[in-house]
$ cat model-v4.csv   # CSV, C-alpha atoms and all ligand atoms
chain,number,residue,atom,x,y,z
L,239,MET,CA,112.4,56.7,153.6
L,240,ASP,CA,110.5,57.2,150.4
L,241,ASP,CA,109.0,60.5,149.2
L,242,ASP,CA,105.4,59.5,149.6
L,243,THR,CA,106.0,58.6,153.3
L,244,LEU,CA,107.8,61.9,153.8
L,245,MET,CA,104.9,63.8,152.2
L,246,ILE,CA,102.4,62.1,154.5
L,247,ARG,CA,104.4,62.9,157.5
L,248,THR,CA,104.9,66.5,156.3
L,249,ALA,CA,101.1,66.8,156.0
L,250,GLU,CA,100.9,65.5,159.6
L,251,GLY,CA,103.1,68.4,160.7
L,252,GLU,CA,106.4,66.6,161.1
L,253,GLU,CA,109.1,69.2,160.4
L,254,ALA,CA,111.9,66.7,160.1
L,255,ALA,CA,110.2,64.9,157.3
L,256,PHE,CA,109.7,68.1,155.3
L,257,ARG,CA,113.3,69.1,156.0
L,258,PHE,CA,114.5,65.7,154.7
L,259,LEU,CA,112.4,66.1,151.5
L,260,VAL,CA,113.7,69.6,150.9
L,261,GLN,CA,117.3,68.6,151.3
L,262,ARG,CA,116.8,65.5,149.1
L,263,TRP,CA,115.4,67.5,146.2
L,264,GLU,CA,116.5,71.1,146.4
L,265,LYS,CA,119.7,70.5,144.2
L,266,GLY,CA,117.7,68.9,141.5
L,267,VAL,CA,114.9,71.5,141.5
L,268,LEU,CA,117.5,74.3,141.5
L,269,ALA,CA,119.4,72.7,138.5
L,270,PHE,CA,116.1,72.3,136.6
L,271,LEU,CA,115.2,76.0,137.3
L,272,ILE,CA,118.6,77.2,136.3
L,273,HIS,CA,118.1,75.5,132.9
L,274,MET,CA,114.6,76.9,132.6
L,275,LEU,CA,115.5,80.5,133.6
L,276,GLY,CA,119.1,80.9,132.8
L,277,SER,CA,119.7,82.7,136.1
L,278,VAL,CA,121.0,81.2,139.3
L,279,GLU,CA,119.5,84.0,141.4
L,280,GLU,CA,116.0,83.8,140.0
L,281,ALA,CA,116.2,80.0,140.2
L,282,GLU,CA,117.1,80.2,143.9
L,283,ASP,CA,114.0,82.3,144.5
L,284,LEU,CA,111.8,79.8,142.8
L,285,VAL,CA,113.3,76.9,144.7
L,286,GLN,CA,111.9,78.4,147.8
L,287,ASP,CA,108.5,79.1,146.2
L,288,THR,CA,108.4,75.5,144.9
L,289,PHE,CA,108.9,74.1,148.4
L,290,ILE,CA,106.4,76.5,149.9
L,291,GLN,CA,103.8,75.1,147.5
L,292,VAL,CA,104.9,71.6,148.3
L,293,PHE,CA,104.2,72.3,151.9
L,294,ASN,CA,100.9,74.1,151.3
L,295,LYS,CA,99.6,71.3,149.1
L,296,ALA,CA,100.9,68.5,151.2
L,297,ALA,CA,97.5,67.7,152.7
L,298,LYS,CA,96.1,67.3,149.2
L,299,TYR,CA,99.0,65.2,147.8
L,300,GLU,CA,97.9,61.8,146.6
L,301,ALA,CA,100.6,59.3,147.5
L,302,GLN,CA,100.9,57.2,144.3
L,303,GLY,CA,104.7,57.1,143.9
L,304,LEU,CA,104.6,60.1,141.5
L,305,PHE,CA,106.3,62.6,143.8
L,306,LYS,CA,109.1,63.5,141.4
L,307,SER,CA,106.6,64.4,138.6
L,308,TRP,CA,104.4,66.3,141.0
L,309,LEU,CA,107.4,68.3,142.4
L,310,PHE,CA,108.7,69.2,138.9
L,311,ARG,CA,105.3,70.1,137.7
L,312,ILE,CA,105.1,72.7,140.5
L,313,ALA,CA,108.6,74.0,139.7
L,314,GLY,CA,107.8,74.0,135.9
L,315,ASN,CA,104.6,76.0,136.4
L,316,LEU,CA,106.5,78.6,138.5
L,317,ALA,CA,109.2,78.8,135.9
L,318,ARG,CA,106.8,79.2,133.0
L,319,SER,CA,104.8,81.9,134.7
L,320,ARG,CA,108.1,83.7,135.5
L,321,LEU,CA,109.1,83.4,131.8
L,322,ARG,CA,105.7,84.7,130.7
L,323,ARG,CA,106.0,87.8,133.0
L,324,ARG,CA,109.4,88.6,131.4
L,325,LYS,CA,107.5,89.2,128.2
L,326,VAL,CA,110.6,89.0,126.1
L,327,LEU,CA,112.3,85.7,126.6
L,328,ARG,CA,115.7,86.9,127.7
L,329,TRP,CA,118.5,84.4,128.2
L,330,VAL,CA,121.2,85.1,130.6
L,331,GLN,CA,123.9,82.4,130.4
L,332,PHE,CA,124.5,81.2,133.9
L,333,ASP,CA,128.0,81.7,135.1
L,334,THR,CA,129.7,79.0,137.0
L,335,THR,CA,133.3,80.0,136.6
L,336,GLU,CA,133.7,80.5,140.3
L,337,HIS,CA,132.2,77.1,141.0
L,338,ASP,CA,134.2,75.1,138.5
L,339,THR,CA,137.7,75.3,139.7
L,340,PRO,CA,140.5,73.4,137.9
L,341,GLY,CA,141.2,69.9,139.2
L,342,ALA,CA,144.6,69.2,140.7
L,343,ASP,CA,145.8,67.3,137.6
L,344,GLU,CA,144.3,69.8,135.2
L,345,GLY,CA,146.3,72.7,133.6
L,346,ALA,CA,144.8,76.2,133.4
L,347,LEU,CA,144.5,76.0,129.6
L,348,ALA,CA,142.8,72.6,129.6
L,349,HIS,CA,140.4,74.0,132.2
L,350,LEU,CA,139.6,77.0,130.0
L,351,GLU,CA,138.9,74.8,127.0
L,352,LYS,CA,136.7,72.6,129.0
L,353,GLU,CA,134.8,75.7,130.2
L,354,GLU,CA,134.4,76.9,126.6
L,355,ALA,CA,132.9,73.6,125.6
L,356,LYS,CA,130.5,73.7,128.6
L,357,THR,CA,129.4,77.2,127.6
L,358,LYS,CA,128.7,76.1,124.1
L,359,VAL,CA,126.6,73.1,125.1
L,360,ARG,CA,124.8,75.1,127.8
L,361,SER,CA,123.9,77.9,125.4
L,362,ALA,CA,122.7,75.3,122.8
L,363,VAL,CA,120.4,73.9,125.5
L,364,ALA,CA,119.4,77.4,126.5
L,365,THR,CA,118.2,78.3,123.0
L,366,LEU,CA,115.8,75.4,122.7
L,367,PRO,CA,112.1,76.2,122.7
L,368,ALA,CA,110.9,76.1,126.4
L,369,ARG,CA,108.9,72.9,126.2
L,370,GLN,CA,111.6,71.0,124.4
L,371,ARG,CA,114.1,72.3,126.9
L,372,GLU,CA,111.9,71.3,129.8
L,373,ALA,CA,111.4,67.8,128.6
L,374,LEU,CA,115.1,67.4,127.8
L,375,VAL,CA,116.3,68.8,131.1
L,376,LEU,CA,113.9,66.6,133.2
L,377,HIS,CA,114.9,63.5,131.3
L,378,ARG,CA,118.6,64.0,130.7
L,379,PHE,CA,119.6,65.9,133.9
L,380,GLN,CA,117.0,65.0,136.4
L,381,GLY,CA,116.7,61.4,135.3
L,382,LEU,CA,113.0,61.3,134.9
L,383,LYS,CA,111.6,58.5,132.7
L,384,TYR,CA,109.4,59.6,129.7
L,385,LYS,CA,106.4,58.5,131.7
L,386,GLU,CA,107.4,60.8,134.6
L,387,VAL,CA,108.2,63.7,132.3
L,388,ALA,CA,104.7,63.3,130.7
L,389,ALA,CA,103.1,63.5,134.1
L,390,ALA,CA,105.2,66.5,135.1
L,391,MET,CA,104.4,68.3,131.8
L,392,ASP,CA,100.8,67.3,131.4
L,393,THR,CA,101.3,65.5,128.2
L,394,THR,CA,101.6,61.9,126.8
L,395,VAL,CA,104.6,59.6,126.5
L,396,PRO,CA,104.6,60.0,122.7
L,397,GLY,CA,104.4,63.7,123.2
L,398,VAL,CA,107.5,63.6,125.4
L,399,GLU,CA,109.3,61.3,122.9
L,400,SER,CA,108.6,63.8,120.1
L,401,LEU,CA,109.8,66.8,122.3
L,402,ILE,CA,113.0,65.1,123.1
L,403,GLN,CA,113.6,63.9,119.6
L,404,ARG,CA,113.1,67.4,118.3
L,405,ALA,CA,115.4,68.8,121.0
L,406,MET,CA,118.1,66.4,120.2
L,407,ALA,CA,117.8,67.1,116.4
L,408,ALA,CA,118.1,70.8,117.1
L,409,LEU,CA,121.1,70.3,119.4
L,410,LYS,CA,122.8,68.1,116.7
L,411,VAL,CA,122.5,70.9,114.2
L,412,GLU,CA,123.6,73.6,116.6
L,413,LEU,CA,126.6,71.7,118.0
L,414,ALA,CA,127.7,69.9,114.8
L,415,GLY,CA,127.9,73.2,113.0
L,416,LYS,CA,130.4,74.3,115.7
L,417,GLY,CA,132.7,71.3,115.3
L,418,ASP,CA,131.8,69.6,118.6
L,419,LEU,CA,130.4,66.5,117.0
C,59,MET,CA,114.6,46.4,105.6
C,60,LYS,CA,112.8,49.1,107.6
C,61,HIS,CA,115.2,51.6,109.2
C,62,VAL,CA,114.7,52.5,112.9
C,63,GLY,CA,115.8,56.2,112.9
C,64,ASP,CA,112.7,57.3,114.8
C,65,LYS,CA,113.3,54.8,117.6
C,66,ILE,CA,117.0,55.5,118.1
C,67,GLN,CA,116.6,58.3,120.7
C,68,ALA,CA,114.3,56.2,122.8
C,69,PHE,CA,116.6,53.2,122.4
C,70,VAL,CA,119.6,55.2,123.6
C,71,ALA,CA,117.5,56.5,126.5
C,72,GLY,CA,116.5,53.0,127.4
C,73,GLU,CA,112.8,53.9,127.0
C,74,LEU,CA,111.7,51.1,124.7
C,75,SER,CA,109.9,48.0,125.9
C,76,GLY,CA,112.0,44.8,126.0
C,77,THR,CA,110.7,43.5,122.7
C,78,GLU,CA,111.2,46.8,120.9
C,79,GLN,CA,114.6,47.2,122.4
C,80,GLN,CA,115.6,43.8,121.0
C,81,LEU,CA,114.1,44.6,117.5
C,82,VAL,CA,116.1,47.8,117.3
C,83,ALA,CA,119.3,46.1,118.6
C,84,ASP,CA,118.9,43.4,115.9
C,85,HIS,CA,118.4,46.0,113.2
C,86,LEU,CA,121.5,48.1,114.4
C,87,ALA,CA,123.6,45.0,114.2
C,88,GLN,CA,123.0,44.6,110.5
C,89,CYS,CA,122.4,48.2,109.3
C,90,PRO,CA,125.5,50.5,109.3
C,91,GLU,CA,123.4,53.5,108.4
C,92,CYS,CA,121.2,53.2,111.6
C,93,ALA,CA,124.3,52.1,113.6
C,94,ALA,CA,126.0,55.4,112.7
C,95,GLU,CA,122.9,57.3,113.8
C,96,GLU,CA,123.0,55.5,117.1
C,97,THR,CA,126.7,56.4,117.6
C,98,GLU,CA,125.9,60.0,116.9
C,99,ALA,CA,123.0,60.0,119.3
C,100,ARG,CA,125.1,58.5,122.1
C,101,GLN,CA,127.9,61.1,121.5
C,102,LEU,CA,125.4,63.9,121.7
C,103,TRP,CA,123.9,62.4,124.8
C,104,ASP,CA,127.3,62.2,126.5
C,105,LEU,CA,128.2,65.7,125.3
C,106,LEU,CA,125.2,67.1,127.1
C,107,GLU,CA,126.9,66.2,130.4
C,108,ALA,CA,128.9,69.4,129.9
C,109,ALA,CA,125.7,71.4,130.4
C,110,GLU,CA,125.0,69.8,133.8
C,111,VAL,CA,124.8,72.3,136.6
C,112,PRO,CA,127.8,71.8,138.9
C,113,GLU,CA,127.4,69.8,142.0
C,114,SER,CA,128.7,72.7,144.0
C,115,ILE,CA,125.5,74.7,143.3
C,116,PRO,CA,124.0,75.7,145.6
C,117,ALA,CA,126.7,76.2,148.2
C,118,GLU,CA,124.2,76.2,151.0
C,119,SER,CA,120.8,74.6,151.6
C,120,ALA,CA,117.7,76.9,151.2
C,121,TRP,CA,116.2,75.0,154.2
C,122,PRO,CA,116.5,78.0,156.7
C,123,GLU,CA,114.5,80.3,154.4
C,124,ILE,CA,112.0,77.6,153.6
C,125,GLN,CA,111.7,76.7,157.3
C,126,ALA,CA,111.0,80.3,158.2
C,127,ARG,CA,108.2,80.4,155.6
C,128,THR,CA,106.6,77.1,156.6
C,129,PHE,CA,107.0,75.5,159.9
C,130,GLY,CA,108.6,78.6,161.3
C,131,ARG,CA,105.3,80.4,160.7
C,132,SER,CA,103.1,77.8,162.1
C,133,GLN,CA,105.2,77.8,165.2
C,134,SER,CA,104.1,81.4,165.8
C,135,THR,CA,100.5,80.3,165.4
C,136,LEU,CA,100.9,77.7,168.0
C,137,LEU,CA,102.6,80.1,170.4
C,138,TYR,CA,100.4,83.1,170.1
C,139,GLY,CA,97.1,81.8,168.8
C,140,GLY,CA,95.4,83.0,165.6
C,141,GLY,CA,94.3,86.5,166.5
C,142,LEU,CA,97.4,87.5,168.4
C,143,TRP,CA,99.5,86.0,165.8
C,144,SER,CA,98.6,88.4,163.1
C,145,LYS,CA,99.6,91.3,165.2
C,146,THR,CA,102.8,89.5,166.2
C,147,GLY,CA,103.4,88.8,162.5
C,148,ILE,CA,103.0,92.4,161.6
C,149,ALA,CA,105.4,93.5,164.4
C,150,ALA,CA,107.9,90.9,163.3
C,151,THR,CA,107.6,92.0,159.6
C,152,ALA,CA,107.9,95.6,160.6
C,153,LEU,CA,111.1,94.8,162.5
C,154,ALA,CA,112.5,92.8,159.6
C,155,ALA,CA,111.5,95.5,157.1
C,156,GLY,CA,113.1,98.1,159.3
C,157,LEU,CA,116.3,96.2,159.3
C,158,ALA,CA,116.2,95.7,155.6
C,159,LEU,CA,115.6,99.4,155.1
C,160,ALA,CA,118.4,100.4,157.4
C,161,ILE,CA,120.7,98.4,155.2
C,162,LEU,CA,119.3,99.7,152.0
C,163,LEU,CA,119.3,103.4,153.0
C,164,PRO,CA,122.3,105.3,151.7
C,165,GLY,CA,124.7,106.2,154.4
C,166,GLY,CA,122.7,104.3,157.0
C,167,GLY,CA,120.0,107.0,157.3
C,168,SER,CA,118.9,108.7,160.5
C,169,SER,CA,116.9,106.7,163.0
C,170,ASP,CA,113.9,108.9,162.4
C,171,LYS,CA,114.0,108.1,158.7
C,172,VAL,CA,114.2,104.4,159.4
C,173,LEU,CA,111.3,104.5,161.8
C,174,ALA,CA,109.1,106.5,159.3
C,175,SER,CA,109.7,104.2,156.4
C,176,ASP,CA,109.5,101.3,158.8
C,177,SER,CA,105.8,101.6,159.4
C,178,GLU,CA,104.9,102.0,155.8
C,179,ALA,CA,106.9,99.1,154.7
C,180,SER,CA,105.5,96.8,157.4
C,181,TRP,CA,101.9,97.6,156.3
C,182,GLY,CA,102.8,96.9,152.7
C,183,SER,CA,104.4,93.6,153.5
C,184,SER,CA,101.8,92.4,156.0
C,185,PHE,CA,99.0,93.3,153.7
C,186,TRP,CA,100.7,91.2,151.1
C,187,LEU,CA,101.1,88.3,153.5
C,188,ASP,CA,97.4,88.2,154.2
C,189,GLU,CA,96.2,88.8,150.7
C,190,GLN,CA,98.5,86.9,148.3
C,191,SER,CA,99.8,83.4,147.9
C,192,ASP,CA,103.5,82.9,148.8
C,193,ALA,CA,104.7,82.7,145.2
C,194,GLY,CA,105.6,86.4,144.8
C,195,PHE,CA,107.0,87.0,148.3
C,196,SER,CA,110.5,88.0,147.5
C,197,GLU,CA,109.4,90.4,144.7
C,198,MET,CA,106.8,92.1,146.9
C,199,TRP,CA,109.4,92.4,149.6
C,200,LEU,CA,111.9,93.9,147.3
C,201,ALA,CA,109.3,96.3,145.9
C,202,THR,CA,108.4,97.4,149.4
C,203,ALA,CA,112.0,97.9,150.4
C,204,THR,CA,112.8,99.9,147.3
C,205,ASP,CA,109.8,102.2,147.9
C,206,GLY,CA,111.0,102.8,151.3
C,207,SER,CA,114.5,103.8,150.3
C,208,ASP,CA,113.1,106.5,148.0
C,209,SER,CA,111.5,108.4,150.8
K,1,ZN,ZN,118.7,51.0,109.2
$ encode --input "model-v4.csv" --output "structure tokens"
Amino acid sequence: MDDDTLMIRTAEGEEAAFRFLVQRWEKGVLAFLIHMLGSVEEAEDLVQDTFIQVFNKAAKYEAQGLFKSWLFRIAGNLARSRLRRRKVLRWVQFDTTEHDTPGADEGALAHLEKEEAKTKVRSAVATLPARQREALVLHRFQGLKYKEVAAAMDTTVPGVESLIQRAMAALKVELAGKGDL
Amino acid sequence: MKHVGDKIQAFVAGELSGTEQQLVADHLAQCPECAAEETEARQLWDLLEAAEVPESIPAESAWPEIQARTFGRSQSTLLYGGGLWSKTGIAATALAAGLALAILLPGGGSSDKVLASDSEASWGSSFWLDEQSDAGFSEMWLATATDGSDS
């Protein structure tokens, strides 16, 4: 069932529809928020707040096939206001060591090297300016098209193109300097 | 020959229109300079996969918490009606706050102590529920619980 239909049914009070929507999108929203905030715990908080807003705004939702953009706009707004309240933009590198266990055919050393490479790339993404990071994460990790990113971020397609281009150029400098490229 | 450097990112991302995509592809086929840029852009694109949040996060769905704050709440409205509900809501909040405080209090705390902080905490939380949007719930909750443990 598509997202628009689920939203209409949610607005009509059908709990199962809302549950389906939450379970379809919570992983993506969480991953996006982890990239935006750098903290799994804070991100988990805001996942809840995001879906509470989805629920509260369901009646006003206009079903035009733009659910993804609408959803990430809500999550992005929450993330940005959380960042503003922090005053100093602090970056805690999210730790996933307990989640990434070595594969069966992978030695401990190879696993460690892979983890180091991941940390490097993650912190490179983490140090991008917030808007560049937001555009890049939505596009690269959440699979939104430029058009959808533009709708989520209240900007234009050329605006997104430029944000992503600048993000990639910065990443190139950051990672090439460290021998990863 | 005009280079296509500014189109390469969009090309790699598959964001160009059919005609543009073809023009860039034609150029790449005959310009080693731009072709090298394209290779680099693809490598960087692939490298980013390492920054992806692992599939194993989160370990559990947030649905139970979200349910409790959405349909879980409107269920109470249906059961008890608007006026009664707010009282029931306060009682439920007080009970939950008491439980949270009992856990937070060092050494468990005496039952008197829990009961005393209990009523304060419940008013704080329920006031908040009425007056604020849902966005800051967890923070307000934590702040209330922390106040209680000081007493
Ligand atoms: Zn060229």
$ interface_residues --input "model-v4.csv" --of "chain L" --to "chain C" --cutoff "6 Å" --atoms "all atoms listed in the file" --output "PyMOL selection string"
chain L and resi 269+286-287+356+359-360
$ residues_near_ligand --input "model-v4.csv" --ligand "ligand ZN 1 (chain K)" --cutoff "6 Å" --atoms "all atoms listed in the file" --output "ChimeraX atom specification"
/C:61-62,89,91-92
$ atom_distance --input "model-v4.csv" --atom1 "atom CA of Leu321 of chain L" --atom2 "atom CA of Ala281 of chain L"
11.5 Å
$ atom_distance --input "model-v4.csv" --atom1 "atom CA of Ala373 of chain L" --atom2 "atom CA of Pro396 of chain L"
11.9 Å
$ closest_residue --input "model-v4.csv" --among "L:Gln380, L:Glu399, L:Asp242, L:Glu252" --to "Glu264 of chain L" --atoms "all atoms listed in the file"
L:Gln380
$ closest_residue --input "model-v4.csv" --among "L:Tyr384, L:Trp263, L:Leu376, L:Glu412" --to "Ser400 of chain L" --atoms "all atoms listed in the file"
L:Tyr384
$ closest_residue --input "model-v4.csv" --among "L:Met239, L:Met274, L:Ala408, L:Ala390" --to "Ala368 of chain L" --atoms "all atoms listed in the file"
L:Met274
$ residues_near_point --input "model-v4.csv" --point "(103.9, 59.6, 141.1)" --cutoff "12 Å" --atoms "all atoms listed in the file" --output "list in words"
Asp240, Asp241, Asp242, Met245, Tyr299, Glu300, Ala301, Gln302, Gly303, Leu304, Phe305, Lys306, Ser307, Trp308, Leu309, Phe310, Arg311, Leu382, Lys383, Lys385, Glu386, Val387, Ala388, Ala389 and Ala390 of chain L
$ atom_distance --input "model-v4.csv" --atom1 "atom CA of Asn315 of chain L" --atom2 "atom CA of Gln291 of chain L"
11.2 Å
